[in-house]
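See below for run_39.cif, which holds mmCIF, C-alpha atoms.
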```
data_start
loop_
_atom_site.label_atom_id
_atom_site.label_comp_id
_atom_site.auth_asym_id
_atom_site.auth_seq_id
_atom_site.Cartn_x
_atom_site.Cartn_y
_atom_site.Cartn_z
CA MET A 1 42.64 -8.39 24.48
CA SER A 2 44.59 -5.13 23.86
CA GLY A 3 47.73 -5.49 21.82
CA GLY A 4 50.89 -3.47 21.31
CA PRO A 5 51.26 -0.02 19.71
CA ALA A 6 51.39 -1.53 16.20
CA GLU A 7 48.08 -3.28 16.70
CA GLU A 8 46.54 -0.16 18.25
CA GLY A 9 47.71 1.92 15.28
CA ARG A 10 46.20 -0.55 12.85
CA ARG A 11 43.00 -0.57 14.86
CA GLU A 12 42.83 3.22 14.78
CA ARG A 13 43.25 3.23 10.99
CA LEU A 14 40.53 0.61 10.61
CA ILE A 15 38.11 2.58 12.77
CA LYS A 16 38.75 5.62 10.55
CA LEU A 17 38.19 3.45 7.50
CA ALA A 18 34.94 2.19 9.05
CA SER A 19 33.83 5.80 9.52
CA ALA A 20 34.44 6.47 5.84
CA MET A 21 32.57 3.28 4.95
CA ALA A 22 29.68 4.36 7.16
CA PHE A 23 29.54 7.64 5.24
CA LEU A 24 29.55 5.74 1.93
CA ALA A 25 26.84 3.41 3.25
CA VAL A 26 24.65 6.39 4.09
CA VAL A 27 25.26 7.75 0.56
CA ALA A 28 24.32 4.33 -0.87
CA VAL A 29 21.05 4.35 1.10
CA ALA A 30 20.31 7.87 -0.16
CA VAL A 31 20.87 6.72 -3.76
CA LEU A 32 18.54 3.73 -3.23
CA VAL A 33 15.88 6.03 -1.77
CA VAL A 34 16.17 8.43 -4.73
CA ILE A 35 15.90 5.55 -7.24
CA THR A 36 12.86 4.16 -5.41
CA GLN A 37 11.19 7.57 -5.29
CA SER A 38 11.84 8.33 -8.96
CA GLN A 39 10.43 5.01 -10.19
CA THR A 40 7.36 5.53 -8.00
CA GLU A 41 6.65 8.94 -9.46
CA GLY A 42 6.70 7.61 -13.00
CA GLY A 43 4.79 4.37 -12.84
CA ASP A 44 1.34 3.11 -11.93
CA ALA A 45 1.94 4.03 -8.35
CA SER A 46 1.78 7.66 -9.38
CA LEU A 47 -1.92 7.22 -8.69
CA GLU A 48 -3.17 10.06 -6.58
CA GLY A 49 -4.80 9.68 -3.22
CA VAL A 50 -4.03 6.04 -2.45
CA ALA A 51 -3.14 6.70 1.17
CA ASP A 52 -5.96 9.26 1.54
CA VAL A 53 -8.56 6.78 0.34
CA ARG A 54 -7.22 4.04 2.57
CA ARG A 55 -7.38 6.37 5.54
CA LEU A 56 -10.89 7.52 4.65
CA LEU A 57 -12.31 4.02 4.27
CA ARG A 58 -10.29 2.26 6.96
CA GLY A 59 -12.52 0.29 9.28
CA VAL A 60 -15.70 1.03 7.32
CA PRO A 61 -17.35 -2.16 5.99
CA GLN A 62 -17.71 -2.55 2.22
CA GLU A 63 -20.07 -5.04 0.68
CA GLY A 64 -20.83 -4.92 -3.01
CA MET A 65 -21.22 -1.21 -3.73
CA VAL A 66 -22.47 -0.43 -0.25
CA LEU A 67 -20.25 1.38 2.21
CA GLY A 68 -21.08 1.19 5.89
CA GLU A 69 -22.76 -1.02 8.39
CA PRO A 70 -25.14 -3.27 6.38
CA ARG A 71 -27.79 -3.09 9.13
CA ALA A 72 -27.86 0.72 9.16
CA LYS A 73 -31.45 1.86 8.64
CA LEU A 74 -30.66 4.90 6.54
CA THR A 75 -29.27 4.38 3.05
CA LEU A 76 -28.07 7.26 0.92
CA VAL A 77 -28.02 6.09 -2.68
CA GLU A 78 -25.69 7.96 -5.01
CA PHE A 79 -26.38 7.71 -8.73
CA ALA A 80 -23.13 8.81 -10.31
CA ASP A 81 -20.93 8.58 -13.37
CA LEU A 82 -17.26 7.81 -12.75
CA GLN A 83 -16.30 10.17 -15.57
CA CYS A 84 -18.32 13.07 -14.19
CA PRO A 85 -16.20 15.90 -12.73
CA THR A 86 -18.99 17.04 -10.40
CA CYS A 87 -19.15 13.51 -8.96
CA LYS A 88 -15.40 13.71 -8.38
CA ALA A 89 -15.87 17.00 -6.53
CA TYR A 90 -18.56 15.41 -4.36
CA ALA A 91 -16.34 12.43 -3.64
CA GLU A 92 -13.50 14.67 -2.55
CA GLU A 93 -15.37 17.48 -0.82
CA ALA A 94 -18.86 16.47 0.31
CA LEU A 95 -18.84 12.75 1.00
CA PRO A 96 -15.78 12.43 3.28
CA ALA A 97 -17.61 14.24 6.10
CA LEU A 98 -20.53 11.83 5.75
CA ILE A 99 -18.23 8.82 5.62
CA ARG A 100 -16.32 9.90 8.71
CA GLY A 101 -19.56 10.81 10.46
CA PRO A 102 -22.83 8.86 10.22
CA VAL A 103 -21.41 6.10 8.01
CA ALA A 104 -18.41 5.38 10.23
CA ARG A 105 -20.69 5.48 13.28
CA GLY A 106 -22.91 2.81 11.72
CA GLU A 107 -25.94 5.11 11.53
CA ALA A 108 -26.15 5.21 7.74
CA LYS A 109 -24.71 3.55 4.68
CA LEU A 110 -23.86 4.78 1.19
CA ASP A 111 -24.87 2.85 -1.91
CA PHE A 112 -23.09 3.71 -5.17
CA ARG A 113 -25.09 3.05 -8.33
CA ASN A 114 -23.91 3.77 -11.84
CA PHE A 115 -25.79 6.43 -13.77
CA THR A 116 -23.81 6.61 -17.00
CA ILE A 117 -24.49 9.81 -18.88
CA VAL A 118 -21.07 10.93 -20.12
CA GLY A 119 -20.21 8.24 -22.66
CA PRO A 120 -19.24 4.61 -23.35
CA GLU A 121 -16.16 4.78 -21.14
CA SER A 122 -18.48 5.44 -18.18
CA ALA A 123 -20.02 1.98 -18.57
CA THR A 124 -16.57 0.37 -18.85
CA ALA A 125 -15.48 2.13 -15.66
CA GLY A 126 -18.76 1.39 -13.90
CA ALA A 127 -18.53 -2.31 -14.73
CA ALA A 128 -14.98 -2.37 -13.35
CA ALA A 129 -16.24 -0.77 -10.13
CA LEU A 130 -18.99 -3.38 -9.78
CA ALA A 131 -16.45 -6.16 -10.36
CA ALA A 132 -14.27 -4.65 -7.62
CA GLY A 133 -17.37 -4.58 -5.42
CA GLU A 134 -17.64 -8.34 -5.77
CA GLN A 135 -14.33 -8.55 -3.94
CA GLY A 136 -15.37 -6.04 -1.29
CA ARG A 137 -13.39 -3.18 -2.80
CA GLY A 138 -16.13 -1.31 -4.67
CA TRP A 139 -15.91 1.96 -2.76
CA SER A 140 -12.12 1.86 -2.68
CA PHE A 141 -12.22 1.56 -6.47
CA VAL A 142 -14.74 4.39 -6.91
CA GLU A 143 -12.90 6.75 -4.58
CA LEU A 144 -9.54 6.04 -6.24
CA PHE A 145 -11.03 6.40 -9.70
CA TYR A 146 -12.34 9.86 -8.85
CA ARG A 147 -9.00 10.94 -7.44
CA ASN A 148 -7.35 9.94 -10.72
CA GLN A 149 -10.13 10.94 -13.07
CA GLY A 150 -9.14 12.22 -16.53
CA GLY A 151 -11.00 14.31 -19.08
CA GLU A 152 -14.38 13.03 -20.22
CA GLU A 153 -14.15 10.43 -23.02
CA THR A 154 -10.47 11.14 -23.65
CA GLY A 155 -9.53 7.47 -23.79
CA TYR A 156 -7.82 7.28 -20.41
CA VAL A 157 -10.13 4.50 -19.19
CA THR A 158 -7.78 1.82 -20.49
CA ASP A 159 -7.21 -1.70 -19.19
CA SER A 160 -3.93 -0.63 -17.62
CA PHE A 161 -5.53 2.40 -15.93
CA LEU A 162 -8.39 0.31 -14.55
CA THR A 163 -5.99 -2.41 -13.43
CA ALA A 164 -3.82 0.11 -11.62
CA ILE A 165 -6.89 1.47 -9.84
CA ALA A 166 -8.05 -2.05 -8.96
CA ARG A 167 -4.65 -3.05 -7.60
CA ALA A 168 -4.35 0.10 -5.54
CA ALA A 169 -7.91 -0.41 -4.30
CA GLY A 170 -6.86 -3.79 -2.94
CA VAL A 171 -8.70 -6.06 -5.37
CA ALA A 172 -7.02 -9.33 -4.52
CA ASP A 173 -7.89 -11.52 -7.50
CA ILE A 174 -7.20 -9.41 -10.60
CA ALA A 175 -7.88 -12.31 -12.99
CA ARG A 176 -11.36 -12.83 -11.53
CA TRP A 177 -11.97 -9.08 -11.53
CA ASN A 178 -11.06 -8.98 -15.25
CA ARG A 179 -13.42 -11.83 -16.08
CA ILE A 180 -16.31 -10.24 -14.22
CA ARG A 181 -15.87 -6.67 -15.46
CA ARG A 182 -15.85 -7.87 -19.08
CA GLY A 183 -18.95 -10.01 -18.65
CA ASP A 184 -22.49 -9.07 -19.63
CA ARG A 185 -23.75 -9.41 -16.07
CA VAL A 186 -22.09 -6.28 -14.68
CA LEU A 187 -22.62 -4.31 -17.90
CA ASP A 188 -26.33 -5.17 -17.64
CA ALA A 189 -26.27 -4.04 -14.01
CA VAL A 190 -24.77 -0.69 -15.07
CA ALA A 191 -27.55 -0.28 -17.63
CA ALA A 192 -30.17 -1.28 -15.04
CA THR A 193 -29.12 1.32 -12.45
CA THR A 194 -28.91 3.97 -15.19
CA ALA A 195 -32.51 3.13 -16.12
CA GLU A 196 -33.44 3.22 -12.44
CA ALA A 197 -32.01 6.74 -12.10
CA GLU A 198 -33.91 7.89 -15.17
CA GLY A 199 -37.03 6.30 -13.73
CA LEU A 200 -36.60 8.43 -10.61
CA GLY A 201 -36.54 11.49 -12.84
CA PHE A 202 -32.84 12.24 -12.48
CA THR A 203 -31.16 13.98 -15.38
CA GLY A 204 -27.75 14.88 -13.95
CA THR A 205 -24.99 13.44 -11.80
CA PRO A 206 -24.51 12.98 -9.01
CA SER A 207 -28.11 12.45 -7.98
CA PHE A 208 -29.07 11.17 -4.58
CA ALA A 209 -31.95 9.26 -3.09
CA LEU A 210 -32.70 8.23 0.46
CA GLU A 211 -34.08 4.97 1.72
CA SER A 212 -35.19 4.57 5.31
CA PRO A 213 -37.95 2.88 7.31
CA SER A 214 -40.06 6.01 6.83
CA THR A 215 -39.69 6.13 3.04
CA ARG A 216 -41.41 3.77 0.66
CA GLY A 217 -38.57 2.68 -1.54
CA LEU A 218 -36.28 5.43 -2.69
CA GLN A 219 -37.05 9.03 -1.92
CA ALA A 220 -35.38 11.26 -4.50
CA LEU A 221 -33.26 14.07 -3.09
CA GLY A 222 -32.42 15.39 -6.55
CA ALA A 223 -29.31 16.13 -8.51
CA VAL A 224 -26.32 17.93 -7.02
CA PRO A 225 -27.87 18.56 -3.61
CA SER A 226 -26.07 20.74 -1.09
CA GLN A 227 -23.95 19.15 1.60
CA GLU A 228 -26.47 20.41 4.17
CA THR A 229 -29.25 18.53 2.36
CA LEU A 230 -27.23 15.32 2.42
CA GLU A 231 -26.29 15.76 6.08
CA SER A 232 -29.83 16.50 7.17
CA ALA A 233 -31.10 13.54 5.14
CA LEU A 234 -28.69 11.24 6.92
CA ALA A 235 -29.59 12.82 10.24
CA GLY A 236 -33.16 11.71 9.56
CA THR A 237 -34.44 15.30 9.44
CA SER A 238 -35.11 15.51 5.75
CA MET B 1 31.75 -1.28 27.61
CA LYS B 2 33.41 -4.55 26.81
CA ALA B 3 32.13 -6.23 23.67
CA PRO B 4 30.91 -9.85 23.96
CA PRO B 5 33.34 -12.47 22.64
CA GLU B 6 33.68 -12.23 18.88
CA GLY B 7 32.64 -15.85 18.50
CA THR B 8 29.34 -15.06 20.19
CA LEU B 9 28.76 -12.02 17.96
CA ARG B 10 29.52 -14.09 14.85
CA ALA B 11 27.17 -16.85 15.98
CA ILE B 12 24.37 -14.32 16.55
CA ALA B 13 25.06 -12.70 13.16
CA THR B 14 25.04 -16.14 11.49
CA PHE B 15 21.67 -16.97 13.01
CA LEU B 16 20.17 -13.58 12.12
CA ALA B 17 21.46 -13.68 8.53
CA ALA B 18 20.07 -17.19 8.03
CA PHE B 19 16.73 -16.05 9.45
CA GLY B 20 16.78 -13.04 7.12
CA ILE B 21 17.49 -15.28 4.13
CA GLY B 22 14.40 -17.30 5.05
CA ILE B 23 12.15 -14.24 5.27
CA ALA B 24 13.45 -12.59 2.08
CA THR B 25 13.32 -15.87 0.16
CA TYR B 26 9.69 -16.39 1.13
CA ILE B 27 8.72 -12.89 -0.06
CA ALA B 28 10.72 -13.30 -3.30
CA ILE B 29 9.14 -16.70 -4.06
CA ALA B 30 5.62 -15.37 -3.37
CA ASP B 31 6.28 -12.48 -5.76
CA ALA B 32 7.77 -14.72 -8.45
CA GLY B 33 4.62 -16.84 -8.34
CA GLY B 34 2.52 -13.74 -9.05
CA ASP B 35 1.25 -13.83 -5.50
CA ALA B 36 1.80 -11.84 -2.33
CA PRO B 37 3.14 -13.09 1.00
CA ALA B 38 0.37 -14.12 3.38
CA CYS B 39 0.10 -11.99 6.49
CA LEU B 40 0.08 -14.46 9.40
CA ALA B 41 -1.91 -12.05 11.56
CA GLY B 42 -4.52 -11.65 8.82
CA GLY B 43 -5.46 -8.48 6.98
CA GLN B 44 -4.35 -7.25 3.58
CA GLY B 45 -1.22 -5.37 4.62
CA CYS B 46 1.25 -7.80 3.04
CA GLU B 47 -0.72 -7.87 -0.19
CA THR B 48 -1.04 -4.10 -0.35
CA VAL B 49 2.66 -3.61 0.23
CA ALA B 50 3.60 -6.36 -2.24
CA ARG B 51 1.42 -4.82 -4.95
CA SER B 52 2.79 -1.31 -4.45
CA SER B 53 5.53 -0.04 -6.72
CA TYR B 54 7.82 0.30 -3.68
CA SER B 55 8.14 -3.48 -3.65
CA HIS B 56 10.37 -3.34 -6.72
CA LEU B 57 13.68 -1.61 -7.34
CA LEU B 58 14.74 -1.21 -10.99
CA GLY B 59 12.18 -3.86 -11.90
CA VAL B 60 13.50 -6.41 -9.42
CA ASN B 61 11.64 -7.34 -6.25
CA VAL B 62 13.31 -5.72 -3.25
CA ALA B 63 13.26 -9.12 -1.53
CA VAL B 64 15.73 -10.44 -4.14
CA PHE B 65 18.19 -7.75 -3.07
CA GLY B 66 17.36 -8.75 0.47
CA VAL B 67 18.31 -12.38 -0.17
CA LEU B 68 21.58 -11.25 -1.76
CA GLY B 69 22.35 -8.92 1.15
CA TYR B 70 21.62 -11.54 3.79
CA VAL B 71 23.78 -14.12 1.96
CA LEU B 72 26.70 -11.65 1.94
CA LEU B 73 26.09 -10.90 5.62
CA LEU B 74 26.06 -14.64 6.33
CA LEU B 75 29.45 -14.96 4.63
CA CYS B 76 30.79 -12.03 6.66
CA ALA B 77 29.57 -13.71 9.85
CA LEU B 78 31.16 -17.04 8.94
CA LEU B 79 34.55 -15.60 7.94
CA ARG B 80 37.23 -14.33 10.29
CA GLY B 81 39.37 -11.20 10.04
CA ASP B 82 39.09 -7.48 9.43
CA GLY B 83 37.73 -7.74 5.89
CA PRO B 84 34.53 -9.54 6.93
CA ARG B 85 34.26 -7.32 10.04
CA MET B 86 34.33 -4.13 7.95
CA ALA B 87 32.19 -5.51 5.14
CA GLY B 88 29.58 -6.84 7.56
CA PHE B 89 29.39 -3.44 9.25
CA ALA B 90 29.00 -1.49 5.97
CA LEU B 91 26.53 -3.94 4.40
CA SER B 92 24.32 -4.11 7.46
CA LEU B 93 24.33 -0.31 7.69
CA VAL B 94 23.06 -0.06 4.09
CA GLY B 95 20.46 -2.76 4.78
CA PHE B 96 19.36 -1.12 8.01
CA GLY B 97 19.11 2.34 6.42
CA TYR B 98 17.03 1.10 3.49
CA SER B 99 14.82 -0.93 5.86
CA VAL B 100 14.12 2.23 7.87
CA PHE B 101 13.10 3.99 4.64
CA LEU B 102 10.85 1.11 3.56
CA THR B 103 9.21 0.97 6.98
CA TYR B 104 8.54 4.71 6.75
CA VAL B 105 7.01 4.13 3.28
CA GLU B 106 4.76 1.38 4.65
CA LEU B 107 3.51 3.51 7.52
CA PHE B 108 3.13 6.88 5.84
CA ARG B 109 2.90 6.34 2.06
CA ILE B 110 1.25 2.98 1.47
CA ASP B 111 -0.55 3.11 4.80
CA ALA B 112 -0.27 -0.66 5.23
CA VAL B 113 2.11 -2.84 7.17
CA CYS B 114 3.58 -6.10 5.90
CA GLU B 115 4.67 -8.15 8.89
CA TRP B 116 7.27 -10.02 6.82
CA CYS B 117 8.88 -6.74 5.77
CA LEU B 118 8.73 -5.51 9.35
CA ALA B 119 10.36 -8.73 10.58
CA SER B 120 13.11 -8.30 8.00
CA ALA B 121 13.65 -4.70 9.13
CA VAL B 122 14.02 -5.86 12.74
CA VAL B 123 16.46 -8.61 11.71
CA MET B 124 18.50 -6.08 9.73
CA MET B 125 18.55 -3.69 12.70
CA LEU B 126 19.84 -6.48 14.97
CA LEU B 127 22.42 -7.45 12.35
CA PHE B 128 23.63 -3.86 12.22
CA ALA B 129 23.94 -3.74 16.01
CA THR B 130 25.82 -7.06 16.06
CA ASN B 131 28.16 -6.13 13.21
CA ALA B 132 28.82 -2.68 14.69
CA ALA B 133 29.73 -4.27 18.03
CA ARG B 134 32.00 -6.75 16.23
CA MET B 135 33.73 -4.05 14.20
CA LEU B 136 34.18 -1.62 17.12
CA GLY B 137 35.27 -4.33 19.52
CA TYR B 138 37.61 -6.33 17.34
CA ALA B 139 38.80 -4.27 14.33
CA GLY B 140 42.58 -4.58 14.06
CA ARG B 141 42.71 -7.42 16.55
CA GLU B 142 43.80 -10.93 15.79
CA PRO B 143 40.85 -13.22 14.90
#
```
Let me see the structure of the file written as structure tokens.
Amino acid sequence: MSGGPAEEGRRERLIKLASAMAFLAVVAVAVLVVITQSQTEGGDASLEGVADVRRLLRGVPQEGMVLGEPRAKLTLVEFADLQCPTCKAYAEEALPALIRGPVARGEAKLDFRNFTIVGPESATAGAAALAAGEQGRGWSFVELFYRNQGGEETGYVTDSFLTAIARAAGVADIARWNRIRRGDRVLDAVAATTAEAEGLGFTGTPSFALESPSTRGLQALGAVPSQETLESALAGTS
Amino acid sequence: MKAPPEGTLRAIATFLAAFGIGIATYIAIADAGGDAPACLAGGQGCETVARSSYSHLLGVNVAVFGVLGYVLLLLCALLRGDGPRMAGFALSLVGFGYSVFLTYVELFRIDAVCEWCLASAVVMMLLFATNAARMLGYAGREP
């Protein structure tokens, strides 16, 4: 297989050339990585918290707007407005411990209900969340919306914003989601849960209520309860 | 260590490149139809990855570049001589490097795994190994 000195010399030169080509190939990969990163930072995928939300909700059942084991006896109902900054703070700071704890263990479930108090964009966003819920991605949508929430009634709740949230939340059939979120049915549902919250005497968001075998219907926990209140409610000690 | 016969390496590279063309073409066609590749093992990993912005490079689906790359690697495998040996080595190194990056993105950024993308990454890794063995074993030698 080995040849004479001329062939060995040529082979040596080619190996050196291959080394240079390997260096250029590594540079080419680096350029591709930089291009990919830069386009990601600028586009829809600049959504915050996509991986965090996926990690938080991984393995936890979602059905409609309910997160957790459907047969869990304790239900913590959250009446919230997707535009509300305090609700965002709860989603990011208070609820993850509950989701990773009693909800993930199948002891309790969370039920998100729209309580629109900020403005018209809240109903648009809430309807989009309900439509995502019909494809089993309601909580993914809500959590991602909060992590990308803009200023109240500043016009950021656009079709493209909502679509980006829905895609990142894993809504599989975007056309169906669009049809449903624009329909009267989900808008009526948003109005109905807002009326329900008002009927419970709530005036601010987020407000919480508990439902368990020992409560008759919903037991109001009030608006902006402490994390300890929520934890003890889900521990059945409230 | 003695390299396997060049004919064997070229046959392996031909098979791998053809397999890669099949995988990349399937992903590209699914994307062109406004759909996402179906994960054979179930789950939404393929869909999540396909819908992420990482699935496109300069507005073109990454799988299209994949098809192009695999076709060039197929040509390198079919042709004899130092040109195809060197080109196959460099191309497969670029493909392998970018596949490693995309696999990292799937695992740690998107937090979802697309089995088609993973299969393509494995094929590209094997192509790199085959082309590196061909180049190191036979560069400068008569075909």
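For chain A, the residues no farther than 7 Å from chain B when using all atoms listed in the file are Glu7, Arg10, Arg11, Leu14, Ala18, Met21, Ala22, Ala25, Val26, Ala28, Val29, Thr36, Thr40, Ala45, Ala51, Arg167 and Gly170 of chain A.
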Just so the selection is clear, what residues does the PyMOL selection byres ((chain B and resi 21-28) around 10) cover here, as an mmCIF file with C-alpha atoms, keeping the file's coordinate frame?
```cif
data_model
loop_
_atom_site.group_PDB
_atom_site.id
_atom_site.type_symbol
_atom_site.label_atom_id
_atom_site.label_comp_id
_atom_site.auth_asym_id
_atom_site.auth_seq_id
_atom_site.Cartn_x
_atom_site.Cartn_y
_atom_site.Cartn_z
ATOM 1 C CA PHE B 15 21.670 -16.970 13.010
ATOM 2 C CA LEU B 16 20.170 -13.580 12.120
ATOM 3 C CA ALA B 17 21.460 -13.680 8.530
ATOM 4 C CA ALA B 18 20.070 -17.190 8.030
ATOM 5 C CA PHE B 19 16.730 -16.050 9.450
ATOM 6 C CA GLY B 20 16.780 -13.040 7.120
ATOM 7 C CA ILE B 29 9.140 -16.700 -4.060
ATOM 8 C CA ALA B 30 5.620 -15.370 -3.370
ATOM 9 C CA ASP B 31 6.280 -12.480 -5.760
ATOM 10 C CA ALA B 32 7.770 -14.720 -8.450
ATOM 11 C CA GLY B 33 4.620 -16.840 -8.340
ATOM 12 C CA ASP B 35 1.250 -13.830 -5.500
ATOM 13 C CA ALA B 36 1.800 -11.840 -2.330
ATOM 14 C CA PRO B 37 3.140 -13.090 1.000
ATOM 15 C CA ALA B 38 0.370 -14.120 3.380
ATOM 16 C CA CYS B 46 1.250 -7.800 3.040
ATOM 17 C CA ALA B 50 3.600 -6.360 -2.240
ATOM 18 C CA VAL B 60 13.500 -6.410 -9.420
ATOM 19 C CA ASN B 61 11.640 -7.340 -6.250
ATOM 20 C CA VAL B 62 13.310 -5.720 -3.250
ATOM 21 C CA ALA B 63 13.260 -9.120 -1.530
ATOM 22 C CA VAL B 64 15.730 -10.440 -4.140
ATOM 23 C CA PHE B 65 18.190 -7.750 -3.070
ATOM 24 C CA GLY B 66 17.360 -8.750 0.470
ATOM 25 C CA VAL B 67 18.310 -12.380 -0.170
ATOM 26 C CA LEU B 68 21.580 -11.250 -1.760
ATOM 27 C CA GLY B 69 22.350 -8.920 1.150
ATOM 28 C CA TYR B 70 21.620 -11.540 3.790
ATOM 29 C CA VAL B 71 23.780 -14.120 1.960
ATOM 30 C CA LEU B 73 26.090 -10.900 5.620
ATOM 31 C CA LEU B 74 26.060 -14.640 6.330
ATOM 32 C CA TRP B 116 7.270 -10.020 6.820
ATOM 33 C CA CYS B 117 8.880 -6.740 5.770
ATOM 34 C CA ALA B 119 10.360 -8.730 10.580
ATOM 35 C CA SER B 120 13.110 -8.300 8.000
ATOM 36 C CA VAL B 123 16.460 -8.610 11.710
#
```
Going by the chain IDs and residue numbers used in this file, which residues fall under the PyMOL selection byres ((chain A and resi 132) around 9)? Write them as a VMD selection string.
chain A and resid 64 to 65 127 to 131 133 to 141 166 169 to 171 177 180 to 181
Using all atoms listed in the file, pick whichever of B:Ala121, B:Leu126, B:Leu78, B:Leu9 has the shortest atom-to-atom distance to Thr103 in chain B.
B:Ala121
Selection under test: the PyMOL selection byres ((chain A and resi 209) around 6); residues as a PyMOL selection string
chain A and resi 76-77+208+210+218-221
Can you tell me, as an MDAnalysis selection string, which residues sit within 12 Å of (-16.1, 10.6, -12.7) in the file's frame, using all atoms listed in the file?
chainID A and resid 79:92 114:119 121:126 129 141:153 156:157 205:206
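Straight-line separation from CA of Leu74 in chain A to CA of Ala108 in chain A: 4.7 Å.
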Between CA of Arg113 in chain A and CA of Ala233 in chain A, what is the spacing in Å?
18.1 Å
Which of these, B:Gly88, B:Glu115, B:Val105, B:Leu72, has the shortest distance to Ala133 in chain B once you count only C-alpha atoms?
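That would be B:Gly88, the residue with the smallest distance to Ala133 in chain B.
With CA of Ala11 in chain B on one side and CA of Ala77 in chain B on the other, the separation reads 7.3 Å.
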